[in-house]
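Undergrad: Just one file: coords_13.txt, with compact mmCIF, C-alpha atoms.
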# COMPACT_ATOMS: atom_id res chain seq x y z
CA ASN A 184 117.94 37.29 89.35
CA ILE A 185 119.49 38.01 85.94
CA LYS A 186 116.03 38.50 84.48
CA THR A 187 115.10 40.88 87.29
CA PHE A 188 118.36 42.79 86.80
CA ILE A 189 117.72 43.13 83.05
CA GLU A 190 114.16 44.34 83.66
CA ALA A 191 115.37 46.88 86.23
CA GLY A 192 118.05 48.13 83.84
CA SER A 193 115.47 48.40 81.06
CA LYS A 194 113.15 50.38 83.32
CA ILE A 195 115.96 52.76 84.32
CA SER A 196 116.84 53.27 80.65
CA HIS A 197 113.17 53.89 79.82
CA ASP A 198 112.81 56.37 82.70
CA THR A 199 116.01 58.17 81.64
CA ASN A 200 114.78 58.45 78.05
CA SER A 201 111.45 59.74 79.31
CA LEU A 202 113.20 62.33 81.44
CA VAL A 203 115.37 63.43 78.51
CA ASN A 204 112.30 63.70 76.26
CA VAL A 205 110.45 65.77 78.85
CA MET A 206 113.48 68.00 79.34
CA LYS A 207 113.89 68.48 75.58
CA SER A 208 110.26 69.39 75.08
CA ASP A 209 109.95 71.78 78.03
CA ASN A 210 112.25 74.82 78.13
CA ARG A 211 111.04 75.66 81.62
CA ARG A 212 112.17 72.26 82.93
CA GLN A 213 115.52 72.68 81.17
CA GLY A 214 115.94 76.03 82.89
CA HIS A 215 115.02 74.54 86.25
CA TRP A 216 117.54 71.73 85.79
CA GLY A 217 120.25 74.30 84.98
CA GLU A 218 119.34 76.22 88.15
CA ILE A 219 119.72 73.05 90.24
CA VAL A 220 123.22 72.40 88.86
CA LEU A 221 124.10 76.07 89.45
CA GLU A 222 122.89 75.86 93.05
CA LYS A 223 125.05 72.76 93.67
CA VAL A 224 128.13 74.58 92.34
CA LEU A 225 127.41 77.58 94.56
CA GLU A 226 127.04 75.36 97.62
CA ALA A 227 130.34 73.62 96.82
CA SER A 228 132.14 76.97 96.57
CA GLY A 229 131.89 77.65 100.31
CA LEU A 230 129.92 80.88 99.85
CA ARG A 231 127.12 81.45 102.36
CA HIS A 232 123.58 81.45 100.99
CA GLY A 233 121.73 84.66 101.82
CA GLU A 234 124.91 86.52 102.78
CA GLU A 235 127.38 86.06 99.94
CA PHE A 236 125.03 84.85 97.23
CA SER A 237 121.30 84.68 96.53
CA LEU A 238 119.23 82.49 94.21
CA GLN A 239 116.20 83.39 92.16
CA LYS A 240 113.88 80.37 92.23
CA GLY A 241 111.89 79.90 89.05
CA ILE A 242 111.79 82.09 85.97
CA VAL A 243 111.30 85.74 86.89
CA GLU A 244 111.61 88.33 84.16
CA GLY A 245 114.40 90.82 84.72
CA ARG A 246 116.05 88.76 87.45
CA PRO A 247 119.26 86.69 87.15
CA ASP A 248 119.33 83.09 88.38
CA ALA A 249 122.02 83.94 90.95
CA THR A 250 123.67 87.03 92.40
CA ILE A 251 127.16 86.82 93.90
CA PHE A 252 127.80 89.59 96.41
CA LEU A 253 131.28 91.11 96.49
CA PRO A 254 132.93 93.54 98.92
CA GLU A 255 132.26 97.27 98.59
CA ASN A 256 128.63 96.78 97.48
CA ARG A 257 129.59 95.06 94.22
CA CYS A 258 128.15 91.90 92.68
CA VAL A 259 128.28 89.44 89.78
CA TYR A 260 125.18 88.07 88.06
CA ILE A 261 124.84 84.50 86.73
CA ASP A 262 122.25 83.06 84.35
CA ALA A 263 122.02 79.34 83.57
CA LYS A 264 121.53 78.66 79.86
CA THR A 265 121.55 75.40 77.93
CA SER A 266 120.10 74.06 74.67
CA LEU A 267 119.45 70.51 75.79
CA ALA A 268 117.39 69.51 72.75
CA SER A 269 120.08 70.72 70.31
CA TRP A 270 122.83 69.12 72.36
CA ASP A 271 120.99 65.79 72.55
CA ALA A 272 120.40 65.81 68.79
CA TYR A 273 124.09 66.45 68.14
CA VAL A 274 125.32 63.78 70.56
CA ASN A 275 122.95 61.07 69.36
CA THR A 276 123.52 61.62 65.63
CA GLU A 277 125.91 59.11 64.06
CA ASP A 278 125.94 60.37 60.48
CA ASP A 279 128.84 62.82 60.03
CA GLU A 280 127.03 65.20 57.69
CA GLU A 281 123.96 65.26 59.87
CA LYS A 282 126.19 65.70 62.92
CA ASP A 283 127.71 68.83 61.39
CA GLU A 284 124.23 70.20 60.75
CA LYS A 285 123.17 69.48 64.33
CA LEU A 286 126.31 71.16 65.63
CA LYS A 287 125.49 74.27 63.58
CA ASP A 288 121.97 74.23 65.02
CA PHE A 289 123.41 73.86 68.51
CA ILE A 290 125.80 76.80 67.98
CA GLU A 291 122.99 78.98 66.60
CA SER A 292 120.81 78.09 69.59
CA THR A 293 123.64 79.07 71.93
CA LYS A 294 124.11 82.35 70.03
CA ALA A 295 120.42 83.04 70.53
CA HIS A 296 120.87 82.50 74.27
CA ILE A 297 123.81 84.91 74.29
CA THR A 298 121.91 87.55 72.33
CA GLY A 299 118.85 87.24 74.56
CA LEU A 300 120.95 87.45 77.71
CA ALA A 301 122.83 90.48 76.39
CA LYS A 302 119.53 92.36 75.96
CA ARG A 303 118.63 91.96 79.63
CA ASP A 304 119.58 94.93 81.77
CA TYR A 305 120.65 93.70 85.19
CA SER A 306 122.47 96.91 86.08
CA ALA A 307 119.62 98.17 88.28
CA VAL A 308 118.81 94.85 89.94
CA GLU A 309 119.25 94.83 93.75
CA GLY A 310 120.63 98.36 93.61
CA LEU A 311 124.20 97.02 93.53
CA ASP A 312 127.24 98.06 91.52
CA SER A 313 127.64 95.19 89.05
CA PRO A 314 130.29 94.62 86.35
CA ASP A 315 129.45 95.22 82.72
CA TYR A 316 129.35 91.51 81.94
CA VAL A 317 127.08 88.63 83.00
CA LEU A 318 128.21 85.04 83.55
CA MET A 319 126.35 82.56 81.31
CA PHE A 320 126.42 79.23 83.10
CA VAL A 321 126.52 76.15 80.83
CA PRO A 322 125.71 73.20 83.15
CA ILE A 323 127.17 70.51 80.84
CA GLU A 324 130.98 70.41 80.97
CA SER A 325 131.45 68.63 77.64
CA CYS A 326 129.00 71.01 76.01
CA TYR A 327 131.00 74.02 77.24
CA SER A 328 134.27 72.48 76.02
CA LEU A 329 132.85 71.85 72.56
CA LEU A 330 131.35 75.31 72.18
CA PHE A 331 133.91 77.63 73.72
CA CYS A 332 137.19 75.73 73.84
CA GLU A 333 137.15 74.57 70.22
CA ASP A 334 135.37 77.56 68.67
CA ASN A 335 137.00 80.92 69.44
CA LYS A 336 134.50 82.73 67.24
CA LEU A 337 131.65 81.83 69.57
CA TRP A 338 133.70 82.98 72.58
CA ASP A 339 134.47 86.29 70.85
CA PHE A 340 130.79 86.68 70.01
CA ALA A 341 129.86 86.18 73.67
CA TRP A 342 132.58 88.52 74.94
CA LYS A 343 131.56 91.30 72.52
CA ASN A 344 128.05 91.00 73.91
CA LYS A 345 129.45 91.34 77.45
CA ILE A 346 128.67 87.71 78.27
CA MET A 347 131.26 85.45 79.92
CA PRO A 348 130.48 81.73 79.43
CA VAL A 349 131.39 79.48 82.35
CA SER A 350 131.11 75.74 83.01
CA PRO A 351 130.69 74.03 86.41
CA SER A 352 134.48 73.68 86.79
CA THR A 353 135.43 77.20 85.66
CA LEU A 354 132.62 78.76 87.70
CA LEU A 355 133.63 76.80 90.79
CA ALA A 356 137.23 77.99 90.42
CA SER A 357 136.07 81.59 90.13
CA LEU A 358 133.77 81.27 93.14
CA LYS A 359 136.59 79.76 95.22
CA ILE A 360 138.65 82.88 94.53
CA ILE A 361 135.70 85.10 95.46
CA ASN A 362 135.23 83.09 98.67
CA SER A 363 138.89 83.71 99.60
CA PHE A 364 138.26 87.46 99.19
CA HIS A 365 135.24 87.16 101.45
CA GLY A 366 137.37 85.31 104.00
CA ALA A 367 139.90 88.15 104.04
CA THR A 368 137.09 90.69 104.31
CA ARG A 369 135.55 88.81 107.23
CA MET A 370 138.94 88.74 108.98
CA ASN A 371 139.34 92.50 108.49
CA LYS A 372 135.84 93.12 109.83
CA ASN A 373 136.56 90.89 112.83
CA ALA A 374 139.80 92.77 113.51
CA LEU A 375 137.95 96.10 113.42
CA GLU A 376 135.24 94.73 115.70
CA ILE A 377 137.84 93.41 118.17
CA SER A 378 139.52 96.83 118.18
CA ARG A 379 136.18 98.56 118.77
CA ILE A 380 135.25 96.20 121.65
CA CYS A 381 138.69 96.61 123.28
CA SER A 382 138.53 100.38 123.02
CA LYS A 383 135.03 100.44 124.48
CA MET A 384 136.02 98.03 127.26
CA VAL A 385 139.08 100.11 128.25
CA GLY A 386 136.92 103.25 128.26
CA LYS A 387 134.38 101.59 130.55
CA PHE A 388 137.17 100.41 132.87
CA ALA A 389 138.64 103.93 133.03
CA GLU A 390 135.24 105.38 133.95
CA MET A 391 134.68 102.70 136.62
CA LEU A 392 138.15 103.21 138.15
CA LYS A 393 137.62 106.96 138.18
CA GLU A 394 134.33 106.52 140.06
CA ILE A 395 135.93 104.06 142.54
CA LEU A 396 138.78 106.47 143.29
CA GLN A 397 136.32 109.34 143.68
CA ALA A 398 134.20 107.23 146.04
CA ARG A 399 137.35 106.37 148.03
CA LYS A 400 138.26 110.03 148.23
CA ASN A 401 134.73 110.94 149.36
CA LEU A 402 134.83 108.16 151.99
CA ILE A 403 138.16 109.33 153.40
CA SER A 404 136.89 112.89 153.42
CA ALA A 405 133.83 111.75 155.37
CA LEU A 406 136.02 109.85 157.84
CA THR A 407 138.02 113.00 158.65
CA LYS A 408 134.89 114.32 160.31
CA LEU A 409 135.44 111.63 162.94
CA ASP A 410 138.62 113.40 164.00
CA GLY A 411 138.92 116.31 166.40
CA LYS A 412 138.04 117.06 170.02
CA ASP A 413 134.28 116.79 169.59
CA ASN A 414 134.30 113.77 167.30
CA ILE A 415 131.76 110.95 167.43
CA PHE A 416 134.16 108.51 169.13
CA ASN A 417 134.71 110.87 172.07
CA ASN A 418 130.97 111.49 172.33
CA ILE A 419 130.26 107.73 172.40
CA ASN A 420 132.81 107.26 175.17
CA ARG A 421 131.21 110.11 177.09
CA LEU A 422 127.77 108.48 176.71
CA GLU A 423 129.12 105.21 178.11
CA GLU A 424 130.52 107.11 181.09
CA LEU A 425 127.09 108.62 181.65
CA GLY A 426 125.56 105.12 181.83
CA VAL A 427 124.27 104.64 178.31
CA LYS A 428 124.55 100.99 177.29
CA ILE A 429 126.03 100.55 173.80
CA GLU A 430 124.79 97.25 172.34
CA LYS A 431 127.34 96.97 169.52
CA ASP A 432 131.07 97.46 169.59
CA ILE A 433 132.41 100.28 167.47
CA PRO A 434 135.21 98.94 165.20
CA GLU A 435 138.54 100.68 165.42
CA LEU A 436 140.10 102.40 162.40
CA ASP A 437 143.30 100.74 161.21
CA GLU A 438 146.58 102.59 160.83
CA GLU A 439 146.30 102.86 157.03
CA VAL A 440 142.98 104.64 157.19
CA LEU A 441 144.25 106.92 159.97
CA ASP A 442 147.29 107.81 157.87
CA GLU A 443 145.09 108.54 154.87
CA MET A 444 142.84 110.74 157.05
CA ALA A 445 145.91 112.59 158.29
CA ARG A 446 147.04 113.28 154.70
CA VAL A 447 143.58 114.56 153.75
Please go through the file and, once you have read it, give me the structure as structure tokens.

TA:
Amino acid sequence: NIKTFIEAGSKISHDTNSLVNVMKSDNRRQGHWGEIVLEKVLEASGLRHGEEFSLQKGIVEGRPDATIFLPENRCVYIDAKTSLASWDAYVNTEDDEEKDEKLKDFIESTKAHITGLAKRDYSAVEGLDSPDYVLMFVPIESCYSLLFCEDNKLWDFAWKNKIMPVSPSTLLASLKIINSFHGATRMNKNALEISRICSKMVGKFAEMLKEILQARKNLISALTKLDGKDNIFNNINRLEELGVKIEKDIPELDEEVLDEMARV
């Protein structure tokens, strides 16, 4: 059992190293991995896919990885960016001098991502009113902390290029706030819809009651024609006297109807 456990652990380690090597050698796979992490954060935020955010699957030129829809036809764009090869080289280097060099390479690679993202014009995408800045999503929390929490220069460089770097935790916090705005907006829309339905319902009831009262008035007016010397009741009684057999009894009008007829 111990031998089997060691072999399984070795295989997992080998598979992990293989995955890392593939990720490092394929920028497209790195981008796809970043999109997966971004999607998980969006799902955890409580925002509704297709209504409050949309995802762009795969690499499409001129399109952000995610669009967050805000009230009043506004939006925020997010692009996932990471330099996995540079990060892996920095993390796995033990020599201090070499580590500093790898860190410089990692920072320069991140700067290149910022510069490239700044050149993309997302202002016309989706026909929405977007802010001037784009969120650059760094899917590795420790990577974000190293780059932007310990190096203000890199943050300033990103901000001057209208790029706001975010990590999974900072992005999730921002999305939670946006989701609370959406909740308030949904409540306001529901209140307006309830008001509209109530107003329409009361209007329909008023029309129906008006028609019922008019029908009642018309019925009473028609019943007044039964009154008088030559009314239908007297004629029926006269027919019975003349020998005509009436098969059905004629119901008598109650006092309320007679009073209403008298008022009409």

Undergrad: Could you make a table, as JSON lines, of the residues of stretch 319-372 of chain A that have an atom within 9 Å of an atom of stretch 256-273 of chain A, each with its nearest atom pair and distance in Å to one decimal, counting all atoms listed in the file, in chain and number order?

TA:
{"residue": "A:Met319", "atom": "CA", "partner": "A:Asp262", "partner_atom": "CA", "distance": 5.1}
{"residue": "A:Phe320", "atom": "CA", "partner": "A:Ala263", "partner_atom": "CA", "distance": 4.4}
{"residue": "A:Val321", "atom": "CA", "partner": "A:Lys264", "partner_atom": "CA", "distance": 5.7}
{"residue": "A:Pro322", "atom": "CA", "partner": "A:Thr265", "partner_atom": "CA", "distance": 7.0}
{"residue": "A:Ile323", "atom": "CA", "partner": "A:Thr265", "partner_atom": "CA", "distance": 8.0}
{"residue": "A:Cys326", "atom": "CA", "partner": "A:Trp270", "partner_atom": "CA", "distance": 7.4}

Undergrad: I'd like to know which of A:Ser382, A:Phe364, A:Tyr316, A:Pro348 is closest to A:Gly229, using all atoms listed in the file.

TA: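 Among the listed residues, the smallest separation from A:Gly229 belongs to A:Phe364.
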
Undergrad: Atom CA of A:Glu284 and atom CA of A:Trp216 are how many Å apart?

TA: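 Spanning atom CA of A:Glu284 to atom CA of A:Trp216 is a straight-line distance of 26.0 Å.
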
Undergrad: Compare A:Asp315, A:Asp304, A:Glu390, A:Glu324 by their minimum atom-to-atom distance to A:Val349, counting all atoms listed in the file, and give me the closest one.

TA: A:Glu324

Undergrad: Around the point (134.1, 92.2, 99.6), in the coordinates given by the file, pick out the residues reaching within 6 Å, counting only C-alpha atoms, and return them as a count of residues only.

TA: 5

Undergrad: Hey, which of A:Ala389, A:Ile419, A:Ile251, A:Leu221 ends up closest to A:Asn362? Count all atoms listed in the file.

TA: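 For A:Asn362, the nearest of the given residues is A:Ile251.
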
Undergrad: What does the distance from atom CA of A:Ser313 to atom CA of A:Ala295 come to in Å, to one decimal?

TA: 23.3 Å

Undergrad: As an exercise, work out the distance from atom CA of A:Thr353 to atom CA of A:Asn335 in Å and give it to one decimal place.

TA: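 Interatomic distance here is 16.7 Å.
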
Undergrad: Which is closest to A:Val317 among A:Leu330, A:Ile297, A:Ala398, A:Leu286, if we use only C-alpha atoms?

TA: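 Of all the options, A:Ile297 lies closest to A:Val317.
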
Undergrad: I'd like to know which of A:Phe252, A:Asp288, A:Lys359, A:Lys343 is closest to A:Glu235, using all atoms listed in the file.

TA: A:Phe252

Undergrad: Of the candidates A:Asn344, A:Asn373, A:Ser325, A:Ser228, which shows the shortest atom-to-atom distance to A:Val274, using all atoms listed in the file?

TA: A:Ser325
